[in-house]
$ cat protein.txt   # compact mmCIF, C-alpha atoms
# COMPACT_ATOMS: atom_id res chain seq x y z
CA MET A 629 12.39 -21.98 10.48
CA SER A 630 14.87 -20.87 7.89
CA ARG A 631 15.73 -17.45 6.59
CA LEU A 632 14.33 -16.68 3.16
CA SER A 633 16.52 -16.76 0.11
CA PHE A 634 16.44 -13.15 -0.93
CA LEU A 635 15.44 -12.84 -4.56
CA PHE A 636 14.62 -9.51 -6.17
CA PHE A 637 12.34 -9.07 -9.14
CA SER A 638 10.72 -6.09 -10.81
CA PHE A 639 7.47 -5.18 -9.10
CA LEU A 640 4.16 -6.39 -10.52
CA SER A 641 0.64 -5.82 -9.25
CA LEU A 642 -0.85 -7.72 -6.35
CA LEU A 643 -3.01 -9.79 -8.65
CA PHE A 644 -2.32 -10.44 -12.35
CA PHE A 645 -4.25 -12.22 -15.09
CA HIS A 646 -3.06 -12.39 -18.67
CA GLY A 647 -4.67 -13.23 -21.98
CA ASN A 648 -5.95 -16.68 -22.80
CA ALA A 649 -3.65 -18.41 -20.33
CA GLN A 650 -5.61 -17.04 -17.35
CA THR A 651 -2.54 -17.47 -15.22
CA GLY A 652 -2.69 -15.83 -11.84
CA ILE A 653 -2.10 -16.01 -8.13
CA SER A 654 -3.95 -14.29 -5.34
CA VAL A 655 -2.77 -13.61 -1.82
CA SER A 656 -4.93 -12.86 1.20
CA PRO A 657 -4.69 -10.65 3.10
CA PRO A 658 -2.66 -8.13 1.05
CA ARG A 659 -1.23 -6.60 4.25
CA LEU A 660 0.05 -8.13 7.48
CA TYR A 661 0.47 -6.18 10.71
CA PHE A 662 2.90 -7.25 13.44
CA GLU A 663 3.72 -6.02 16.93
CA SER A 664 6.61 -7.30 19.05
CA GLY A 665 9.53 -6.11 21.12
CA ASN A 666 13.20 -7.00 21.25
CA GLY A 667 13.87 -10.73 21.12
CA THR A 668 10.24 -11.67 20.57
CA SER A 669 8.35 -13.01 17.55
CA ASN A 670 4.95 -12.53 15.99
CA THR A 671 3.45 -14.82 13.34
CA GLN A 672 0.70 -14.07 10.83
CA LYS A 673 -0.82 -16.30 8.17
CA VAL A 674 -1.16 -15.57 4.44
CA THR A 675 -3.10 -17.72 1.97
CA VAL A 676 -1.76 -18.17 -1.56
CA THR A 677 -4.17 -19.42 -4.25
CA ASN A 678 -3.48 -20.54 -7.81
CA VAL A 679 -6.45 -19.05 -9.69
CA SER A 680 -5.32 -20.52 -13.02
CA ALA A 681 -7.82 -22.70 -14.85
CA LYS A 682 -5.27 -25.19 -16.18
CA ASN A 683 -1.71 -24.29 -15.21
CA SER A 684 0.24 -25.61 -12.24
CA LEU A 685 2.50 -22.93 -10.77
CA ASP A 686 5.96 -23.35 -9.27
CA LEU A 687 6.22 -20.55 -6.72
CA ALA A 688 9.07 -19.02 -4.76
CA VAL A 689 8.97 -16.65 -1.78
CA SER A 690 11.32 -13.67 -1.55
CA LEU A 691 11.56 -10.30 0.16
CA GLY A 692 11.98 -6.63 -0.71
CA ASP A 693 11.55 -3.14 0.72
CA TRP A 694 8.91 -0.54 -0.06
CA GLU A 695 7.83 2.98 0.82
CA TYR A 696 5.29 5.57 -0.28
CA ASP A 697 6.33 8.52 -2.43
CA ASP A 698 4.87 12.01 -1.87
CA LYS A 699 1.83 11.11 -3.99
CA GLY A 700 1.11 7.93 -2.04
CA GLU A 701 2.38 5.60 -4.77
CA ASN A 702 4.34 2.47 -3.90
CA MET A 703 8.09 2.52 -4.45
CA THR A 704 9.92 -0.82 -4.22
CA TYR A 705 13.56 -1.67 -3.58
CA ALA A 706 15.88 -4.58 -2.92
CA PRO A 707 15.64 -6.01 0.62
CA ASN A 708 17.44 -4.16 3.43
CA THR A 709 17.80 -1.03 1.30
CA LEU A 710 15.73 1.38 3.41
CA PRO A 711 16.44 2.46 7.02
CA SER A 712 12.91 1.31 7.88
CA SER A 713 13.43 -2.20 6.48
CA CYS A 714 12.61 -5.26 8.56
CA ALA A 715 13.30 -7.72 5.73
CA SER A 716 16.11 -9.37 7.68
CA TRP A 717 13.69 -10.06 10.56
CA VAL A 718 11.29 -12.10 8.40
CA SER A 719 11.26 -15.89 8.15
CA VAL A 720 9.04 -18.69 6.83
CA LYS A 721 9.28 -22.46 7.10
CA LYS A 722 11.81 -24.14 4.81
CA GLU A 723 9.10 -25.97 2.86
CA ASP A 724 7.37 -22.66 2.11
CA ASN A 725 10.35 -21.09 0.36
CA TYR A 726 9.52 -22.99 -2.84
CA PHE A 727 6.33 -24.95 -3.61
CA THR A 728 3.93 -25.97 -6.38
CA LEU A 729 0.19 -25.32 -6.58
CA ALA A 730 -2.14 -27.16 -8.92
CA PRO A 731 -4.97 -25.20 -10.63
CA GLY A 732 -7.34 -23.96 -7.94
CA GLU A 733 -5.12 -25.17 -5.10
CA LYS A 734 -4.30 -22.95 -2.12
CA LYS A 735 -1.63 -22.99 0.58
CA ASP A 736 -1.27 -21.22 3.93
CA ILE A 737 2.11 -19.73 4.77
CA ASP A 738 3.13 -18.66 8.27
CA VAL A 739 5.12 -15.42 8.14
CA THR A 740 7.14 -14.64 11.27
CA ILE A 741 8.90 -11.44 12.27
CA THR A 742 11.48 -11.70 15.05
CA VAL A 743 13.03 -8.53 16.45
CA PRO A 744 16.71 -8.99 17.30
CA ASN A 745 17.62 -8.99 20.99
CA THR A 746 20.17 -6.29 20.30
CA PHE A 747 17.89 -3.97 18.32
CA SER A 748 18.35 -0.37 19.48
CA GLY A 749 17.10 1.64 16.51
CA GLN A 750 15.14 4.85 16.85
CA LEU A 751 12.42 4.05 14.30
CA PRO A 752 9.21 2.78 15.96
CA VAL A 753 7.86 1.09 12.81
CA HIS A 754 9.43 -1.00 10.06
CA THR A 755 8.24 -2.47 6.78
CA ALA A 756 9.03 -5.07 4.14
CA ILE A 757 7.26 -6.76 1.26
CA LEU A 758 6.95 -10.50 0.79
CA TYR A 759 6.76 -11.65 -2.83
CA VAL A 760 5.27 -14.87 -4.16
CA SER A 761 6.69 -15.31 -7.68
CA GLN A 762 5.97 -17.82 -10.44
CA MET A 763 9.14 -19.64 -11.53
CA ASN A 764 7.72 -21.62 -14.48
CA PRO A 765 6.50 -19.18 -17.17
CA VAL A 766 3.59 -20.47 -19.26
CA ASP A 767 2.90 -20.06 -22.98
CA ASP A 768 0.51 -17.35 -24.11
CA VAL A 769 -0.24 -15.13 -27.10
CA ASP A 770 -0.15 -11.33 -26.99
CA HIS A 771 -2.64 -8.98 -28.67
CA LYS A 772 -0.65 -9.15 -31.92
CA GLY A 773 -0.71 -12.94 -32.02
CA ALA A 774 2.93 -13.36 -31.05
CA HIS A 775 3.86 -16.27 -28.77
CA ILE A 776 5.12 -15.12 -25.40
CA LYS A 777 5.98 -16.51 -21.97
CA VAL A 778 3.94 -15.23 -19.01
CA SER A 779 4.84 -15.31 -15.33
CA VAL A 780 3.15 -13.60 -12.41
CA ARG A 781 4.06 -12.23 -9.02
CA SER A 782 2.08 -11.07 -6.01
CA GLY A 783 3.25 -8.96 -3.08
CA ILE A 784 2.14 -8.75 0.55
CA LYS A 785 3.06 -5.64 2.52
CA LEU A 786 4.47 -6.29 5.98
CA PHE A 787 4.14 -3.70 8.76
CA HIS A 788 5.87 -4.01 12.13
CA LYS A 789 5.60 -1.76 15.18
CA LEU A 790 7.28 -1.78 18.56
CA PRO A 791 4.86 -2.03 21.51
CA ALA A 792 5.39 1.62 22.52
CA ALA A 793 4.34 2.99 19.12
CA GLY A 794 0.72 4.00 18.73
CA THR A 795 0.33 7.77 18.42
CA LYS A 796 -1.71 8.74 15.36
CA LYS A 797 -1.50 12.38 14.34
CA LEU A 798 -2.12 13.96 10.95
CA GLU A 799 -1.80 17.64 10.18
CA ILE A 800 -2.97 19.57 7.12
CA ARG A 801 -0.07 21.81 6.16
CA ASN A 802 -1.61 23.62 3.21
CA LEU A 803 -4.79 23.80 1.12
CA THR A 804 -4.76 25.75 -2.15
CA TYR A 805 -6.73 26.11 -5.36
CA GLU A 806 -4.89 25.65 -8.66
CA LYS A 807 -6.77 27.49 -11.39
CA SER A 808 -4.79 25.99 -14.29
CA THR A 809 -5.79 22.43 -13.35
CA ASN A 810 -9.06 23.16 -11.51
CA THR A 811 -7.90 21.20 -8.50
CA VAL A 812 -7.80 21.76 -4.78
CA ASN A 813 -4.32 20.78 -3.68
CA LEU A 814 -3.95 19.26 -0.24
CA LEU A 815 -0.63 18.93 1.59
CA PHE A 816 -0.64 16.93 4.82
CA GLU A 817 1.86 15.17 7.07
CA ASN A 818 1.86 12.12 9.32
CA GLN A 819 3.33 13.46 12.56
CA GLY A 820 2.61 10.34 14.59
CA ASP A 821 4.81 7.33 15.29
CA VAL A 822 2.72 4.64 13.56
CA TRP A 823 1.09 4.00 10.18
CA THR A 824 -2.14 5.93 9.77
CA ASP A 825 -4.84 5.15 7.21
CA GLY A 826 -8.19 6.76 6.59
CA LYS A 827 -10.52 8.53 4.23
CA ILE A 828 -10.64 12.08 2.89
CA TYR A 829 -14.07 13.69 2.47
CA THR A 830 -14.38 16.83 0.34
CA ASP A 831 -17.39 19.16 0.04
CA PHE A 832 -17.82 22.21 -2.18
CA VAL A 833 -20.38 24.82 -1.13
CA ASN A 834 -21.42 27.57 -3.53
CA THR A 835 -21.53 30.62 -1.26
CA GLY A 836 -23.89 32.40 -3.64
CA ASN A 837 -26.77 29.91 -3.55
CA GLY A 838 -25.76 27.48 -0.79
CA LYS A 839 -25.64 24.45 -3.10
CA LYS A 840 -23.41 21.70 -1.74
CA THR A 841 -21.52 19.18 -3.86
CA SER A 842 -19.75 16.25 -2.21
CA LEU A 843 -17.07 13.99 -3.66
CA ASP A 844 -16.75 10.28 -3.00
CA PRO A 845 -14.32 9.63 -0.13
CA VAL A 846 -10.72 8.88 -1.07
CA ILE A 847 -8.75 6.25 0.87
CA PHE A 848 -5.20 7.15 1.89
CA TYR A 849 -2.31 5.32 3.57
CA THR A 850 0.66 6.91 5.33
CA MET A 851 3.71 6.01 7.35
CA PRO A 852 5.33 8.13 10.10
CA GLY A 853 7.06 11.19 8.66
CA ASN A 854 5.28 10.97 5.30
CA LYS A 855 4.49 14.31 3.66
CA ARG A 856 1.71 13.79 1.15
CA GLU A 857 0.46 15.85 -1.76
CA MET A 858 -3.04 15.14 -3.05
CA ASN A 859 -4.73 16.88 -5.98
CA ILE A 860 -8.51 16.90 -5.63
CA PRO A 861 -10.27 17.68 -8.94
CA LEU A 862 -13.35 19.89 -8.93
CA PRO A 863 -16.57 17.95 -9.54
CA ALA A 864 -17.63 17.56 -13.17
CA GLY A 865 -20.29 20.07 -14.17
CA LEU A 866 -19.64 22.39 -11.22
CA GLU A 867 -21.22 25.76 -11.95
CA LYS A 868 -19.13 28.92 -11.87
CA GLY A 869 -19.08 30.96 -8.69
CA LYS A 870 -17.46 31.52 -5.34
CA TYR A 871 -16.91 28.42 -3.22
CA THR A 872 -15.82 27.14 0.12
CA ALA A 873 -14.04 23.79 -0.06
CA SER A 874 -14.10 21.72 3.13
CA VAL A 875 -11.68 18.83 3.51
CA MET A 876 -12.03 16.36 6.37
CA MET A 877 -9.50 13.63 7.08
CA ASP A 878 -11.01 10.78 9.10
CA TYR A 879 -8.39 8.36 10.42
CA GLY A 880 -10.04 6.71 13.39
CA ASP A 881 -12.63 7.70 15.95
CA SER A 882 -14.28 11.08 16.53
CA ASN A 883 -11.06 12.35 18.10
CA SER A 884 -9.05 11.52 14.97
CA LEU A 885 -10.27 14.14 12.53
CA GLU A 886 -8.33 16.83 10.71
CA LEU A 887 -10.25 19.64 9.01
CA GLY A 888 -9.33 22.30 6.48
CA GLU A 889 -11.29 24.99 4.61
CA LEU A 890 -10.49 27.08 1.56
CA SER A 891 -12.37 29.90 -0.17
CA PHE A 892 -11.83 30.37 -3.89
CA SER A 893 -13.49 31.58 -7.09
CA TYR A 894 -14.25 29.15 -9.90
CA GLU A 895 -14.45 31.21 -13.08

$ encode --input "protein.txt" --output "structure tokens"
Amino acid sequence: MSRLSFLFFSFLSLLFFHGNAQTGISVSPPRLYFESGNGTSNTQKVTVTNVSAKNSLDLAVSLGDWEYDDKGENMTYAPNTLPSSCASWVSVKKEDNYFTLAPGEKKDIDVTITVPNTFSGQLPVHTAILYVSQMNPVDDVDHKGAHIKVSVRSGIKLFHKLPAAGTKKLEIRNLTYEKSTNTVNLLFENQGDVWTDGKIYTDFVNTGNGKKTSLDPVIFYTMPGNKREMNIPLPAGLEKGKYTASVMMDYGDSNSLELGELSFSYE
């Protein structure tokens, strides 16, 4: 195996189609999870597909860093920028650094993470992002009829944990009602030592008549140490009155629940 040539591009979405050219690539899965200790390797497979109807794509593999901001949005950086980066641990085969896919063709890539023998860091989890980028832009026309060149890029998030990491713990730090925006504002923190994903369920109960209104669950993703702010809008058409809002965070089995309640007046 050879180390990747580190190229850095501006971040695009995981899957991109554009105009009449119908140029695009897909990657599956969008996330890869690794576990290994010092001096050991773990390999996962990702499938890259050229979904274009008529364009062959010249594709290159590169790496970057990423993290969540306090709203849960993705922030991307050059490789080896963040303390939690494992970009320098990632490798693929030499022939997978640069390759061409015909329309409809797919290719499997083995992605390997090898922890250095001498690693002695304190962080139990590390991350990187692997990009698959088109190197041969194709002709297209924008919405104004102007001729443009289109290229696409797809990213796969890489997660790595040391064998000892595995404690999942979320804590709701605050739950408030913001009258000016008619939102219930949730502040929570990942106090564990591993990534923790789940769903947030929110119910509103009118304490005057007992009517209950439930929102669709919201998926969330966190990394250790993340402090997250989430603004939950009141349901459309909610009648005025006094309410109890119940927020439940489900991030595993029945023992992995975090609950919060808030009483407020909706006037």

$ closest_residue --input "protein.txt" --among "A:Asp698, A:Val753, A:Ser690, A:Ser884" --to "Val720 in chain A" --atoms "all atoms listed in the file"
A:Ser690

$ closest_residue --input "protein.txt" --among "A:Ser684, A:Ser782, A:Asn745, A:Thr811" --to "Leu758 in chain A" --atoms "only C-alpha atoms"
A:Ser782

$ residues_around --input "protein.txt" --residues "Lys870 in chain A" --least-positions-apart "4" --cutoff "8 Å" --atoms "only C-alpha atoms" --output "count of residues only"
7

$ residues_around --input "protein.txt" --residues "Thr841 in chain A" --least-positions-apart "4" --cutoff "7 Å" --atoms "only C-alpha atoms" --output "list in words"
Asp831, Phe832 and Val833 of chain A

$ atom_distance --input "protein.txt" --atom1 "CA of Pro731 in chain A" --atom2 "CA of Val679 in chain A"
6.4 Å

$ closest_residue --input "protein.txt" --among "A:Leu751, A:Leu890, A:Leu660, A:Leu710" --to "Asn802 in chain A" --atoms "all atoms listed in the file"
A:Leu890

$ closest_residue --input "protein.txt" --among "A:Val718, A:Ile737, A:Ala774, A:Leu798" --to "Ile757 in chain A" --atoms "all atoms listed in the file"
A:Val718

$ residues_near_point --input "protein.txt" --point "(10.6, -8.9, 8.2)" --cutoff "6 Å" --atoms "all atoms listed in the file" --output "PyMOL selection string"
chain A and resi 714-718+741+756

$ atom_distance --input "protein.txt" --atom1 "CA of Pro845 in chain A" --atom2 "CA of Tyr829 in chain A"
4.8 Å

$ closest_residue --input "protein.txt" --among "A:Asn725, A:Ser882, A:Asn837, A:Asn708" --to "Gly869 in chain A" --atoms "only C-alpha atoms"
A:Asn837

$ closest_residue --input "protein.txt" --among "A:Asp686, A:Glu886, A:Asp724, A:Asp697" --to "Arg856 in chain A" --atoms "all atoms listed in the file"
A:Asp697

$ residues_around --input "protein.txt" --residues "Gly749 in chain A" --least-positions-apart "6" --cutoff "12 Å" --atoms "only C-alpha atoms" --output "list in words"
Gly665, Asn666, Pro711, Ser712, Ser713, Cys714, Val743 and Leu790 of chain A

$ atom_distance --input "protein.txt" --atom1 "CA of Pro852 in chain A" --atom2 "CA of Ala792 in chain A"
14.0 Å

$ residues_around --input "protein.txt" --residues "Tyr661 in chain A" --least-positions-apart "5" --cutoff "10 Å" --atoms "only C-alpha atoms" --output "VMD selection string"
chain A and resid 670 to 672 755 785 to 789

$ residues_around --input "protein.txt" --residues "Tyr696 in chain A" --least-positions-apart "5" --cutoff "10 Å" --atoms "all atoms listed in the file" --output "PDB file with C-alpha atoms, in the coordinates of the input"
ATOM      1  CA  GLU A 701       2.380   5.600  -4.770  1.00  0.00           C
ATOM      2  CA  ASN A 702       4.340   2.470  -3.900  1.00  0.00           C
ATOM      3  CA  MET A 703       8.090   2.520  -4.450  1.00  0.00           C
ATOM      4  CA  THR A 704       9.920  -0.820  -4.220  1.00  0.00           C
ATOM      5  CA  TYR A 849      -2.310   5.320   3.570  1.00  0.00           C
ATOM      6  CA  THR A 850       0.660   6.910   5.330  1.00  0.00           C
ATOM      7  CA  MET A 851       3.710   6.010   7.350  1.00  0.00           C
ATOM      8  CA  ASN A 854       5.280  10.970   5.300  1.00  0.00           C
ATOM      9  CA  LYS A 855       4.490  14.310   3.660  1.00  0.00           C
ATOM     10  CA  ARG A 856       1.710  13.790   1.150  1.00  0.00           C
TER      11      ARG A 856
END
